[in-house]
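Just below is one structure, and these are the notes that go with it.
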Amino acid sequence: MSETLLSSRNLAFELYEVLDAEALTQRERFAEHSRETFDAALGTARSIAEKFFAPHNRKGDENEPEYVDGAAKLIPEVKPAVDAFLEAGFLNATRSFEQGGMQLPTLLSQACFAHFQAANAASTSYPFLTMGAANLIESFGSEEQKRRFLEPMIEGRFFGTMALTEPHAGSSLSDIRTRAEPADDGSYRIKGNKIFISGGDHPLSENIVHMVLAKLPDAPPGVKGISLFIVPKFHVGDDGSMGPRNDVVLAGLFHKMGWRGTTSTALNFGDNGACVGYLVGKPHAGLSYMFQMMNEARIGVGMGAVMLGYAGYLYSLDYARERPQGRLPDGKDPTSGQVSIIQHADVRRMLLTQKAYVEGAFDLGLYAARLVDDSQTLDDPQARQQAQELLDLLTPIVKSWPSEFCLKANELAVQILGGHGYTRDYPVEQYYRDNRLNPIHEGTHGIQSLDLLGRKVAQNNGAGLKQLTRLIGDCCRRAAEHESLAALRQPLEQLLQRLSTVTLALLGDLMQGKVNQALANSALYLNVFGHAVIGWRWLEQAIRAEQGLARGKPADVDFYRGKLQAARYFLTWEVPGCAHALAILEARDDTCLGMQEAWF
């Protein structure tokens with residue numbers, strides 16, 4: 001197999017033909033970079049992912065972490081892989097040179113990280129969580145907290161987690177019961193239980209810094225009463241020295257269907273009344289702070305779903321090329337040789353569907369990373385704000401659409417391998433199991449759809465939505481310059497027009513107080529909205545492919561024609577298929593809302 005993580009040609013297409021990564025080097029922050037330094041970082045990421053992460057992906061799946069003497073025990077291959085990741089600088093890829101970072105654009109950091117997500121989702125989760133926790137402390141922590149906790153995290157000596165979920169509350173964070181009592185020394189005593197905490201215990205670092213949501217004694221009810229605390233596994237002295245164990249206990253490990261190499265933990269805080277935590281920022285503002293880490297994680301989860309789908313697609317593509325079976329329908333001679341299964345039309349359908357899902361979602365994930373760069377480094381403050389508004393709108397899509405549809409790509413990969421696909425002798429069934437967790441990571445499809453329709457489309461008077469509508473309209477106008485793309489842009493234009501009408505009507509219902517009715521079918525709305533966004537990104541890729549063909553490089557002809565065919569598939573098969581969902585939304589169908597508990 002030539003490439004097992006992701007297509008290097010497709011990555012170059014995205015970075016340098018679609019998203020113009022080289023233009024970022026004209027900005028002051030990235031002025032010391034070039035395409036050469038970008039490609040060097042990508043090459044290093046690919047090499048480390050292939051050498052250290054991919055080889056133990058199966059072993060980590062077959063040998064889950066064990067609970068031994070109150071601690072989590074991992075297979076030995078995880079630590080050298082994570083250490084190689086740290087030593088290469090990827091933990092701090094976007095941090096400044098002064099902080100010891102690589103000062104890469106987020107776009108390039110995300111592209112580098114994608115290799116690790118494809119190679120081994122479970123082992124990659126440990127530095128992934130640490131990056132988010134470190135960014136959270138950097139944004140909202142005190143100078144003392146940064147010195148004591150952030151600096152060792154940047155150095156890779158401390159790892160991090162996010163501790164939100166509680167047994168009785170699940171995704172309803174307003175109902176958390178973990179308490180924080182103020183102590184005389186300015187710290188707090190934390191007491192409560194958290195579950196499903198990824199990376200909550202492991203032997204990979206000197207310390208683990210838990211970012212914990214809890215409520216103070218005077219907390220108002222609901223989400224406005226949540227505060228954020230730093231709770232280290234081990235105490236840290238004023239001089240940075242490691243102290244005794246904090247009152248944080250690993251109560252047990254969960255054993256999930258996928259990501260088996262990631263410790264999924266139940267943690268008890270304050271069983272002995274001595275769990276020390278440190279308030280981050282202002283009291284009762286914790287959830288607003290935590291949303292930074294949550295949104296970073298949502299984009300990361302979406303990209304993780306893409307890369308698992310991508311890995312399955314590449315494997316099934318190679319398998320289909322190499323596996324001989326049967327003859328074409330017009331092949332009547334039983335003595336003739338078998339054909340490779342890629343010659344069968346239905347196998348091509350399944351491969352093309354995978355390509356359309358994973359390469360469309362891959363483009364969107366990198367586009368979101370480009371928006372992060374724009375929101376932070378554009379010269380014009382208004383342009384930075386616009387980039388942030390568009391990113392806010394797209395975040396539920398980036399997280400949830402790949403989690404649904406790249407999982408479907410994994411399902412098709414299993415099917416292409418036939419009976420072998422359902423066995424553990426081939427990796428596609430693990431990719432499916434690993435990816436099946438992403439629809440619930442960082443908020444379910446339903447929760448993301450409520451966020452999209454209930455909050456994001458109307459946020460700032462619909463500023464993000466207006467931007468998106470203009471961008472899709474501009475893309476369609478540019479596509480009109482290519483006669484070959486007329487049949488592709490028309491379905492997208494029709495979907496956008498109808499979706500805009502539905503959106504205004506549903507927002508009108510919300511303004512009239514018809515909240516339950518308006519949001520009852522929000523999951524359908526997210527699917528349609530997501531298809532419009534992915535359709536836009538495919539039309540953009542199609543324009544770039546036409547431009548590439550016009551340049552006339554023979555070596556790239558098949559690549560660009562493949563892009564055009566995938567765009568054709570998505571825009572003529574998938575996009576028109578949204579009509580039924582739109583009809584349900586237009587009719588305010590109450591089939592699901594009206595179902596009574598007693599009728600089940």
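So you can find residues: chains in the structure tokens are A, B, ... in the order shown, residues in each start at 1, and ligands are numbered from 1 in order.
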
Under the rule of at most 8 Å, produce a per-residue listing of region 266-361 of chain A near region 544-567 of chain A: chain, number, name, the closest pair of atoms, and the distance in Å, as CSV, using only C-alpha atoms.
residue,atom,partner,partner_atom,distance
A:Leu352,CA,A:Ala566,CA,6.3
A:Thr353,CA,A:Ala566,CA,7.8
A:Lys355,CA,A:Ala566,CA,6.6
A:Ala356,CA,A:Ala566,CA,5.2

Pick from A:Gly252, A:Val528, A:Asp83, A:Ala111, whichever lies nearest to Asp69 (chain A) using only C-alpha atoms: A:Gly252

Spatial neighbours of Val280 (chain A), max dist 9 Å, only C-alpha atoms, sep filter under 2 positions, as a list in words: Ile137, Phe140, Gly141, Ser142, Gln145, Ser227, Leu228, Phe229, Ile230, Tyr278, Lys282, Pro283, Ala285, Gly286 and Tyr289 of chain A

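The residue that comes closest to Leu593 (chain A), out of A:Asn521, A:Tyr569, A:Gln490, A:Gly156 and on the basis of only C-alpha atoms, is A:Asn521.
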
Between CA of Ala297 (chain A) and CA of Gln99 (chain A) - distance in Å to one decimal: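 We find that CA of Gln99 (chain A) and CA of Ala297 (chain A) lie 22.4 Å from each other.
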
Neighbour list for Phe53 (chain A) as a ChimeraX atom specification, cut-off 6 Å, only C-alpha atoms, skip fewer than 5 positions in-chain: /A:81,119-120

Distance of CA of Gly309 (chain A) from CA of Ala409 (chain A), expressed in Å to one decimal place: 5.7 Å

Residue contacts of Leu450 (chain A) (8 Å, only C-alpha atoms) excluding same-chain residues fewer than 3 positions away, as JSON, numbers by chain: {"A": [446, 447, 453, 454, 455, 519, 522, 523]}

Please produce a file of the residues just selected, as a CSV table (one decimal), in the first residue's frame, where the atoms kept are C-alpha atoms.
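Heads up, here's the output in result_32.csv:
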chain,number,residue,atom,x,y,z
A,446,GLY,CA,-28.6,16.4,18.6
A,447,ILE,CA,-26.8,18.8,20.9
A,453,LEU,CA,-30.3,26.3,15.0
A,454,GLY,CA,-31.0,27.5,18.5
A,455,ARG,CA,-27.9,29.8,18.8
A,519,LEU,CA,-36.1,22.7,17.4
A,522,SER,CA,-33.0,20.2,14.4
A,523,ALA,CA,-30.9,17.1,13.7

Nearest to Ala274 (chain A), chosen from A:Arg189, A:Lys256, A:Arg568, A:Arg321, with only C-alpha atoms counted in the distances: A:Arg189

d(CA of Thr25 (chain A), CA of Asn92 (chain A)) in Å: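 A separation of 18.5 Å between them.
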
Selected residue of minimal separation from Ala305 (chain A) among A:Phe90, A:Phe405, A:Phe85, A:Trp599, counting only C-alpha atoms: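 Among the listed residues, the smallest separation from Ala305 (chain A) belongs to A:Phe405.
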
Residue neighbourhood Tyr319 (chain A), 12 Å, only C-alpha atoms, exclusion window fewer than 5 positions, as a VMD selection string: chain A and resid 1 to 2 4 312 to 314 324 to 325 340 to 342 347 351 413 to 418 420 to 421 426 to 428

Please report as JSON lines every residue of region 51-165 of chain A lying within 6 Å of region 199-214 of chain A, along with the nearest atom pair and their distance in Å (one decimal), using only C-alpha atoms.
{"residue": "A:Ala72", "atom": "CA", "partner": "A:His202", "partner_atom": "CA", "distance": 5.3}
{"residue": "A:Lys79", "atom": "CA", "partner": "A:Leu204", "partner_atom": "CA", "distance": 5.8}
{"residue": "A:Tyr126", "atom": "CA", "partner": "A:Gly199", "partner_atom": "CA", "distance": 6.0}
{"residue": "A:Arg157", "atom": "CA", "partner": "A:Ser205", "partner_atom": "CA", "distance": 5.4}
{"residue": "A:Phe158", "atom": "CA", "partner": "A:Asn207", "partner_atom": "CA", "distance": 4.7}
{"residue": "A:Phe159", "atom": "CA", "partner": "A:Ile208", "partner_atom": "CA", "distance": 4.8}
{"residue": "A:Gly160", "atom": "CA", "partner": "A:Val209", "partner_atom": "CA", "distance": 4.6}
{"residue": "A:Thr161", "atom": "CA", "partner": "A:His210", "partner_atom": "CA", "distance": 4.9}
{"residue": "A:Met162", "atom": "CA", "partner": "A:Met211", "partner_atom": "CA", "distance": 4.8}
{"residue": "A:Ala163", "atom": "CA", "partner": "A:Val212", "partner_atom": "CA", "distance": 4.8}
{"residue": "A:Leu164", "atom": "CA", "partner": "A:Leu213", "partner_atom": "CA", "distance": 5.7}

Selection: 10 Å around Ala12 (chain A), only C-alpha atoms, excl. self and same-chain fewer than 6 positions, as a PyMOL selection string: chain A and resi 18-19+21+39

Residues of region 102-154 of chain A that approach region 259-267 of chain A to 12 Å or less, counting only C-alpha atoms: could you list each one with the shortest pair of atoms and its distance in Å to one decimal, rows by chain and increasing residue number, as a tab-separated table?
residue	atom	partner	partner_atom	distance
A:Gln117	CA	A:Trp259	CA	11.2
A:Asn120	CA	A:Trp259	CA	8.8
A:Ala121	CA	A:Trp259	CA	6.6
A:Ala122	CA	A:Trp259	CA	4.8
A:Ser123	CA	A:Thr262	CA	6.4
A:Thr124	CA	A:Thr262	CA	8.7
A:Ser125	CA	A:Thr262	CA	6.9
A:Tyr126	CA	A:Thr262	CA	7.6
A:Pro127	CA	A:Thr262	CA	11.3
A:Phe128	CA	A:Thr262	CA	11.5
A:Leu129	CA	A:Thr262	CA	11.2

Using C-alpha atoms, can you export the residues from the last selection as a CSV table (one decimal), in the first residue's frame?
chain,number,residue,atom,x,y,z
A,117,GLN,CA,-5.2,11.1,14.1
A,120,ASN,CA,-3.6,6.1,16.1
A,121,ALA,CA,-6.6,7.9,17.5
A,122,ALA,CA,-6.2,6.5,21.0
A,123,SER,CA,-2.6,7.4,21.6
A,124,THR,CA,-3.0,10.8,19.9
A,125,SER,CA,-5.7,11.8,22.4
A,126,TYR,CA,-3.2,12.3,25.2
A,127,PRO,CA,-1.3,15.3,23.7
A,128,PHE,CA,-4.6,16.5,22.1
A,129,LEU,CA,-6.2,17.0,25.5

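Counting only C-alpha atoms and comparing A:Ala71, A:Asn63, A:Leu107, A:Gly243, the residue that lies closest to Asp374 (chain A) is A:Leu107.
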
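Considering only C-alpha atoms, the residue among A:Asp61, A:Asp363, A:Glu586, A:Asp425 positioned nearest to Glu540 (chain A) is A:Asp363.
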
Give me, as a compact mmCIF listing (two decimals) with all heavy atoms, in the first residue's frame, the residues of region 147-288 of chain A that a backbone DSSP run labels alpha helix (DSSP H).
# COMPACT_ATOMS: atom_id res chain seq x y z
N GLU A 151 3.66 26.33 32.23
CA GLU A 151 5.03 26.14 31.75
C GLU A 151 5.43 24.67 31.71
O GLU A 151 5.99 24.21 30.69
CB GLU A 151 6.00 26.96 32.61
CG GLU A 151 5.86 28.47 32.39
CD GLU A 151 6.83 29.27 33.24
OE1 GLU A 151 7.75 28.67 33.84
OE2 GLU A 151 6.67 30.51 33.31
N PRO A 152 5.14 23.88 32.76
CA PRO A 152 5.47 22.44 32.65
C PRO A 152 4.64 21.72 31.58
O PRO A 152 5.10 20.71 31.02
CB PRO A 152 5.15 21.89 34.04
CG PRO A 152 5.17 23.07 34.95
CD PRO A 152 4.69 24.21 34.11
N MET A 153 3.44 22.22 31.29
CA MET A 153 2.65 21.61 30.22
C MET A 153 3.27 21.91 28.87
O MET A 153 3.36 21.02 28.00
CB MET A 153 1.20 22.12 30.28
CG MET A 153 0.45 21.69 31.53
SD MET A 153 -1.19 22.42 31.70
CE MET A 153 -2.14 21.36 30.61
N ILE A 154 3.72 23.13 28.66
CA ILE A 154 4.39 23.47 27.41
C ILE A 154 5.66 22.64 27.24
O ILE A 154 6.01 22.22 26.13
CB ILE A 154 4.71 24.98 27.38
CG1 ILE A 154 3.41 25.80 27.27
CG2 ILE A 154 5.65 25.32 26.23
CD1 ILE A 154 3.61 27.30 27.34
N GLY A 286 -17.03 29.86 34.73
CA GLY A 286 -16.26 28.72 34.27
C GLY A 286 -16.70 28.13 32.95
O GLY A 286 -15.86 27.72 32.14
N LEU A 287 -18.02 28.08 32.71
CA LEU A 287 -18.47 27.45 31.48
C LEU A 287 -18.09 28.29 30.26
O LEU A 287 -17.71 27.75 29.22
CB LEU A 287 -19.99 27.22 31.51
CG LEU A 287 -20.54 26.36 30.36
CD1 LEU A 287 -19.87 25.00 30.32
CD2 LEU A 287 -22.05 26.21 30.48
N SER A 288 -18.15 29.61 30.40
CA SER A 288 -17.75 30.47 29.28
C SER A 288 -16.27 30.27 28.97
O SER A 288 -15.86 30.31 27.81
CB SER A 288 -18.04 31.94 29.59
OG SER A 288 -17.26 32.39 30.69

DSSP on the backbone, then: every residue of region 231-453 of chain A marked strand (DSSP E or B), written as an mmCIF file with all heavy atoms, in the first residue's frame.
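See states.cif below for the written result:
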data_model
loop_
_atom_site.group_PDB
_atom_site.id
_atom_site.type_symbol
_atom_site.label_atom_id
_atom_site.label_comp_id
_atom_site.auth_asym_id
_atom_site.auth_seq_id
_atom_site.Cartn_x
_atom_site.Cartn_y
_atom_site.Cartn_z
ATOM 1 N N VAL A 231 -7.073 21.390 39.016
ATOM 2 C CA VAL A 231 -6.895 20.383 40.066
ATOM 3 C C VAL A 231 -5.777 19.436 39.619
ATOM 4 O O VAL A 231 -5.994 18.580 38.758
ATOM 5 C CB VAL A 231 -8.195 19.600 40.333
ATOM 6 C CG1 VAL A 231 -7.975 18.589 41.466
ATOM 7 C CG2 VAL A 231 -9.340 20.546 40.679
ATOM 8 N N PRO A 232 -4.577 19.567 40.170
ATOM 9 C CA PRO A 232 -3.477 18.699 39.752
ATOM 10 C C PRO A 232 -3.536 17.335 40.430
ATOM 11 O O PRO A 232 -4.022 17.199 41.553
ATOM 12 C CB PRO A 232 -2.238 19.472 40.203
ATOM 13 C CG PRO A 232 -2.699 20.232 41.407
ATOM 14 C CD PRO A 232 -4.145 20.594 41.145
ATOM 15 N N PHE A 234 -0.826 15.708 41.301
ATOM 16 C CA PHE A 234 0.157 15.901 42.370
ATOM 17 C C PHE A 234 0.269 17.387 42.677
ATOM 18 O O PHE A 234 0.197 18.227 41.774
ATOM 19 C CB PHE A 234 1.541 15.363 41.952
ATOM 20 C CG PHE A 234 1.609 13.874 41.810
ATOM 21 C CD1 PHE A 234 1.464 13.274 40.569
ATOM 22 C CD2 PHE A 234 1.818 13.067 42.920
ATOM 23 C CE1 PHE A 234 1.535 11.893 40.423
ATOM 24 C CE2 PHE A 234 1.877 11.677 42.792
ATOM 25 C CZ PHE A 234 1.737 11.100 41.537
ATOM 26 N N HIS A 235 0.448 17.700 43.937
ATOM 27 C CA HIS A 235 0.667 19.086 44.321
ATOM 28 C C HIS A 235 1.953 19.610 43.705
ATOM 29 O O HIS A 235 2.910 18.854 43.478
ATOM 30 C CB HIS A 235 0.748 19.212 45.849
ATOM 31 C CG HIS A 235 -0.551 18.914 46.548
ATOM 32 N ND1 HIS A 235 -1.638 19.741 46.457
ATOM 33 C CD2 HIS A 235 -0.927 17.868 47.349
ATOM 34 C CE1 HIS A 235 -2.639 19.231 47.173
ATOM 35 N NE2 HIS A 235 -2.238 18.095 47.708
ATOM 36 N N VAL A 236 1.977 20.900 43.442
ATOM 37 C CA VAL A 236 3.156 21.546 42.878
ATOM 38 C C VAL A 236 3.569 22.682 43.808
ATOM 39 O O VAL A 236 2.767 23.564 44.114
ATOM 40 C CB VAL A 236 2.864 22.097 41.463
ATOM 41 C CG1 VAL A 236 4.120 22.745 40.873
ATOM 42 C CG2 VAL A 236 2.363 20.993 40.545
ATOM 43 N N MET A 242 7.690 18.938 42.598
ATOM 44 C CA MET A 242 6.557 18.034 42.737
ATOM 45 C C MET A 242 6.344 17.687 44.194
ATOM 46 O O MET A 242 7.288 17.346 44.923
ATOM 47 C CB MET A 242 6.817 16.762 41.943
ATOM 48 C CG MET A 242 6.871 16.995 40.437
ATOM 49 S SD MET A 242 5.267 17.418 39.746
ATOM 50 C CE MET A 242 4.423 15.870 40.004
ATOM 51 N N GLY A 243 5.089 17.779 44.639
ATOM 52 C CA GLY A 243 4.734 17.457 46.003
ATOM 53 C C GLY A 243 3.999 16.139 46.103
ATOM 54 O O GLY A 243 4.007 15.325 45.163
ATOM 55 N N PRO A 244 3.326 15.894 47.204
ATOM 56 C CA PRO A 244 2.593 14.632 47.393
ATOM 57 C C PRO A 244 1.350 14.560 46.514
ATOM 58 O O PRO A 244 0.944 15.538 45.888
ATOM 59 C CB PRO A 244 2.230 14.659 48.876
ATOM 60 C CG PRO A 244 2.205 16.119 49.229
ATOM 61 C CD PRO A 244 3.269 16.759 48.397
ATOM 62 N N ARG A 245 0.739 13.409 46.509
ATOM 63 C CA ARG A 245 -0.469 13.161 45.715
ATOM 64 C C ARG A 245 -1.623 14.007 46.246
ATOM 65 O O ARG A 245 -1.855 14.089 47.454
ATOM 66 C CB ARG A 245 -0.822 11.677 45.778
ATOM 67 C CG ARG A 245 -2.083 11.245 45.029
ATOM 68 C CD ARG A 245 -1.851 11.184 43.548
ATOM 69 N NE ARG A 245 -3.056 10.752 42.833
ATOM 70 C CZ ARG A 245 -3.232 9.527 42.345
ATOM 71 N NH1 ARG A 245 -2.299 8.610 42.508
ATOM 72 N NH2 ARG A 245 -4.337 9.228 41.681
ATOM 73 N N VAL A 248 -7.119 13.096 44.591
ATOM 74 C CA VAL A 248 -7.806 12.724 43.354
ATOM 75 C C VAL A 248 -7.586 11.232 43.157
ATOM 76 O O VAL A 248 -6.446 10.781 43.052
ATOM 77 C CB VAL A 248 -7.259 13.498 42.137
ATOM 78 C CG1 VAL A 248 -8.004 13.091 40.870
ATOM 79 C CG2 VAL A 248 -7.363 15.002 42.360
ATOM 80 N N VAL A 249 -8.665 10.468 43.115
ATOM 81 C CA VAL A 249 -8.558 9.011 43.085
ATOM 82 C C VAL A 249 -9.117 8.472 41.780
ATOM 83 O O VAL A 249 -10.212 8.865 41.341
ATOM 84 C CB VAL A 249 -9.332 8.391 44.273
ATOM 85 C CG1 VAL A 249 -9.316 6.869 44.179
ATOM 86 C CG2 VAL A 249 -8.734 8.851 45.595
ATOM 87 N N LEU A 250 -8.345 7.584 41.152
ATOM 88 C CA LEU A 250 -8.859 6.848 39.999
ATOM 89 C C LEU A 250 -9.797 5.766 40.511
ATOM 90 O O LEU A 250 -9.364 4.767 41.084
ATOM 91 C CB LEU A 250 -7.705 6.237 39.199
ATOM 92 C CG LEU A 250 -8.113 5.332 38.028
ATOM 93 C CD1 LEU A 250 -8.877 6.116 36.972
ATOM 94 C CD2 LEU A 250 -6.884 4.660 37.413
ATOM 95 N N ALA A 251 -11.107 5.964 40.300
ATOM 96 C CA ALA A 251 -12.093 5.013 40.809
ATOM 97 C C ALA A 251 -12.246 3.794 39.907
ATOM 98 O O ALA A 251 -12.693 2.738 40.357
ATOM 99 C CB ALA A 251 -13.441 5.714 40.976
ATOM 100 N N GLY A 252 -11.882 3.940 38.641
ATOM 101 C CA GLY A 252 -12.005 2.812 37.722
ATOM 102 C C GLY A 252 -11.859 3.256 36.285
ATOM 103 O O GLY A 252 -11.769 4.453 35.982
ATOM 104 N N LEU A 253 -11.829 2.275 35.379
ATOM 105 C CA LEU A 253 -11.713 2.528 33.949
ATOM 106 C C LEU A 253 -12.959 2.039 33.225
ATOM 107 O O LEU A 253 -13.519 0.996 33.571
ATOM 108 C CB LEU A 253 -10.485 1.808 33.378
ATOM 109 C CG LEU A 253 -9.115 2.214 33.921
ATOM 110 C CD1 LEU A 253 -8.042 1.288 33.347
ATOM 111 C CD2 LEU A 253 -8.799 3.662 33.583
ATOM 112 N N PHE A 254 -13.372 2.781 32.220
ATOM 113 C CA PHE A 254 -14.456 2.344 31.347
ATOM 114 C C PHE A 254 -13.847 1.637 30.136
ATOM 115 O O PHE A 254 -12.756 1.976 29.688
ATOM 116 C CB PHE A 254 -15.285 3.541 30.878
ATOM 117 C CG PHE A 254 -16.031 4.226 31.977
ATOM 118 C CD1 PHE A 254 -15.535 5.387 32.554
ATOM 119 C CD2 PHE A 254 -17.225 3.709 32.456
ATOM 120 C CE1 PHE A 254 -16.216 6.028 33.573
ATOM 121 C CE2 PHE A 254 -17.916 4.336 33.480
ATOM 122 C CZ PHE A 254 -17.405 5.504 34.037
ATOM 123 N N SER A 264 -10.251 5.860 29.714
ATOM 124 C CA SER A 264 -11.516 6.545 29.977
ATOM 125 C C SER A 264 -11.831 6.291 31.443
ATOM 126 O O SER A 264 -12.080 5.148 31.845
ATOM 127 C CB SER A 264 -12.625 5.996 29.079
ATOM 128 O OG SER A 264 -13.844 6.674 29.317
ATOM 129 N N THR A 265 -11.803 7.333 32.244
ATOM 130 C CA THR A 265 -11.717 7.153 33.691
ATOM 131 C C THR A 265 -12.915 7.681 34.453
ATOM 132 O O THR A 265 -13.613 8.587 34.003
ATOM 133 C CB THR A 265 -10.457 7.858 34.238
ATOM 134 O OG1 THR A 265 -10.580 9.273 34.020
ATOM 135 C CG2 THR A 265 -9.201 7.352 33.541
ATOM 136 N N ALA A 266 -13.101 7.090 35.629
ATOM 137 C CA ALA A 266 -13.973 7.655 36.660
ATOM 138 C C ALA A 266 -13.055 8.197 37.750
ATOM 139 O O ALA A 266 -12.203 7.473 38.273
ATOM 140 C CB ALA A 266 -14.902 6.584 37.226
ATOM 141 N N LEU A 267 -13.208 9.474 38.068
ATOM 142 C CA LEU A 267 -12.347 10.132 39.047
ATOM 143 C C LEU A 267 -13.170 10.618 40.232
ATOM 144 O O LEU A 267 -14.244 11.209 40.052
ATOM 145 C CB LEU A 267 -11.617 11.325 38.414
ATOM 146 C CG LEU A 267 -10.685 11.032 37.234
ATOM 147 C CD1 LEU A 267 -10.110 12.329 36.692
ATOM 148 C CD2 LEU A 267 -9.568 10.080 37.648
ATOM 149 N N ASN A 268 -12.663 10.362 41.422
ATOM 150 C CA ASN A 268 -13.264 10.880 42.647
ATOM 151 C C ASN A 268 -12.390 12.000 43.187
ATOM 152 O O ASN A 268 -11.199 11.811 43.421
ATOM 153 C CB ASN A 268 -13.393 9.783 43.704
ATOM 154 C CG ASN A 268 -14.389 8.704 43.316
ATOM 155 O OD1 ASN A 268 -15.189 8.887 42.393
ATOM 156 N ND2 ASN A 268 -14.351 7.572 43.999
ATOM 157 N N PHE A 269 -12.981 13.142 43.377
ATOM 158 C CA PHE A 269 -12.277 14.295 43.927
ATOM 159 C C PHE A 269 -12.721 14.518 45.368
ATOM 160 O O PHE A 269 -13.923 14.672 45.635
ATOM 161 C CB PHE A 269 -12.584 15.561 43.105
ATOM 162 C CG PHE A 269 -12.123 15.493 41.676
ATOM 163 C CD1 PHE A 269 -12.940 14.963 40.690
ATOM 164 C CD2 PHE A 269 -10.877 15.970 41.309
ATOM 165 C CE1 PHE A 269 -12.526 14.906 39.362
ATOM 166 C CE2 PHE A 269 -10.447 15.913 39.987
ATOM 167 C CZ PHE A 269 -11.273 15.382 39.016
ATOM 168 N N VAL A 276 -7.269 19.732 46.634
ATOM 169 C CA VAL A 276 -6.982 21.154 46.467
ATOM 170 C C VAL A 276 -7.154 21.556 45.009
ATOM 171 O O VAL A 276 -6.611 20.914 44.103
ATOM 172 C CB VAL A 276 -5.550 21.475 46.930
ATOM 173 C CG1 VAL A 276 -5.231 22.953 46.707
ATOM 174 C CG2 VAL A 276 -5.364 21.104 48.388
ATOM 175 N N GLY A 277 -7.925 22.607 44.792
ATOM 176 C CA GLY A 277 -8.109 23.166 43.462
ATOM 177 C C GLY A 277 -7.888 24.661 43.481
ATOM 178 O O GLY A 277 -7.926 25.305 44.529
ATOM 179 N N TYR A 278 -7.669 25.225 42.284
ATOM 180 C CA TYR A 278 -7.367 26.643 42.164
ATOM 181 C C TYR A 278 -8.326 27.273 41.158
ATOM 182 O O TYR A 278 -8.428 26.817 40.007
ATOM 183 C CB TYR A 278 -5.914 26.838 41.700
ATOM 184 C CG TYR A 278 -4.921 26.144 42.599
ATOM 185 C CD1 TYR A 278 -4.506 24.839 42.315
ATOM 186 C CD2 TYR A 278 -4.411 26.757 43.739
ATOM 187 C CE1 TYR A 278 -3.601 24.169 43.126
ATOM 188 C CE2 TYR A 278 -3.511 26.095 44.572
ATOM 189 C CZ TYR A 278 -3.117 24.808 44.257
ATOM 190 O OH TYR A 278 -2.223 24.154 45.084
ATOM 191 N N LEU A 279 -9.034 28.310 41.597
ATOM 192 C CA LEU A 279 -10.029 28.968 40.757
ATOM 193 C C LEU A 279 -9.357 29.638 39.564
ATOM 194 O O LEU A 279 -8.392 30.371 39.717
ATOM 195 C CB LEU A 279 -10.802 30.002 41.566
ATOM 196 C CG LEU A 279 -11.861 30.814 40.799
ATOM 197 C CD1 LEU A 279 -13.020 29.920 40.378
ATOM 198 C CD2 LEU A 279 -12.372 31.981 41.661
ATOM 199 N N VAL A 280 -9.892 29.386 38.376
ATOM 200 C CA VAL A 280 -9.420 30.038 37.161
ATOM 201 C C VAL A 280 -10.354 31.201 36.842
ATOM 202 O O VAL A 280 -11.566 31.010 36.697
ATOM 203 C CB VAL A 280 -9.381 29.045 35.979
ATOM 204 C CG1 VAL A 280 -8.964 29.762 34.697
ATOM 205 C CG2 VAL A 280 -8.435 27.891 36.275
ATOM 206 N N PRO A 324 -9.139 -9.826 -6.564
ATOM 207 C CA PRO A 324 -9.888 -10.331 -7.721
ATOM 208 C C PRO A 324 -11.132 -11.096 -7.261
ATOM 209 O O PRO A 324 -11.077 -11.893 -6.324
ATOM 210 C CB PRO A 324 -8.882 -11.263 -8.404
ATOM 211 C CG PRO A 324 -8.009 -11.751 -7.290
ATOM 212 C CD PRO A 324 -7.962 -10.655 -6.257
ATOM 213 N N SER A 340 -10.584 -7.386 -10.739
ATOM 214 C CA SER A 340 -10.479 -6.792 -9.406
ATOM 215 C C SER A 340 -11.815 -6.152 -9.062
ATOM 216 O O SER A 340 -12.527 -5.643 -9.944
ATOM 217 C CB SER A 340 -9.360 -5.755 -9.367
ATOM 218 O OG SER A 340 -9.602 -4.720 -10.300
#
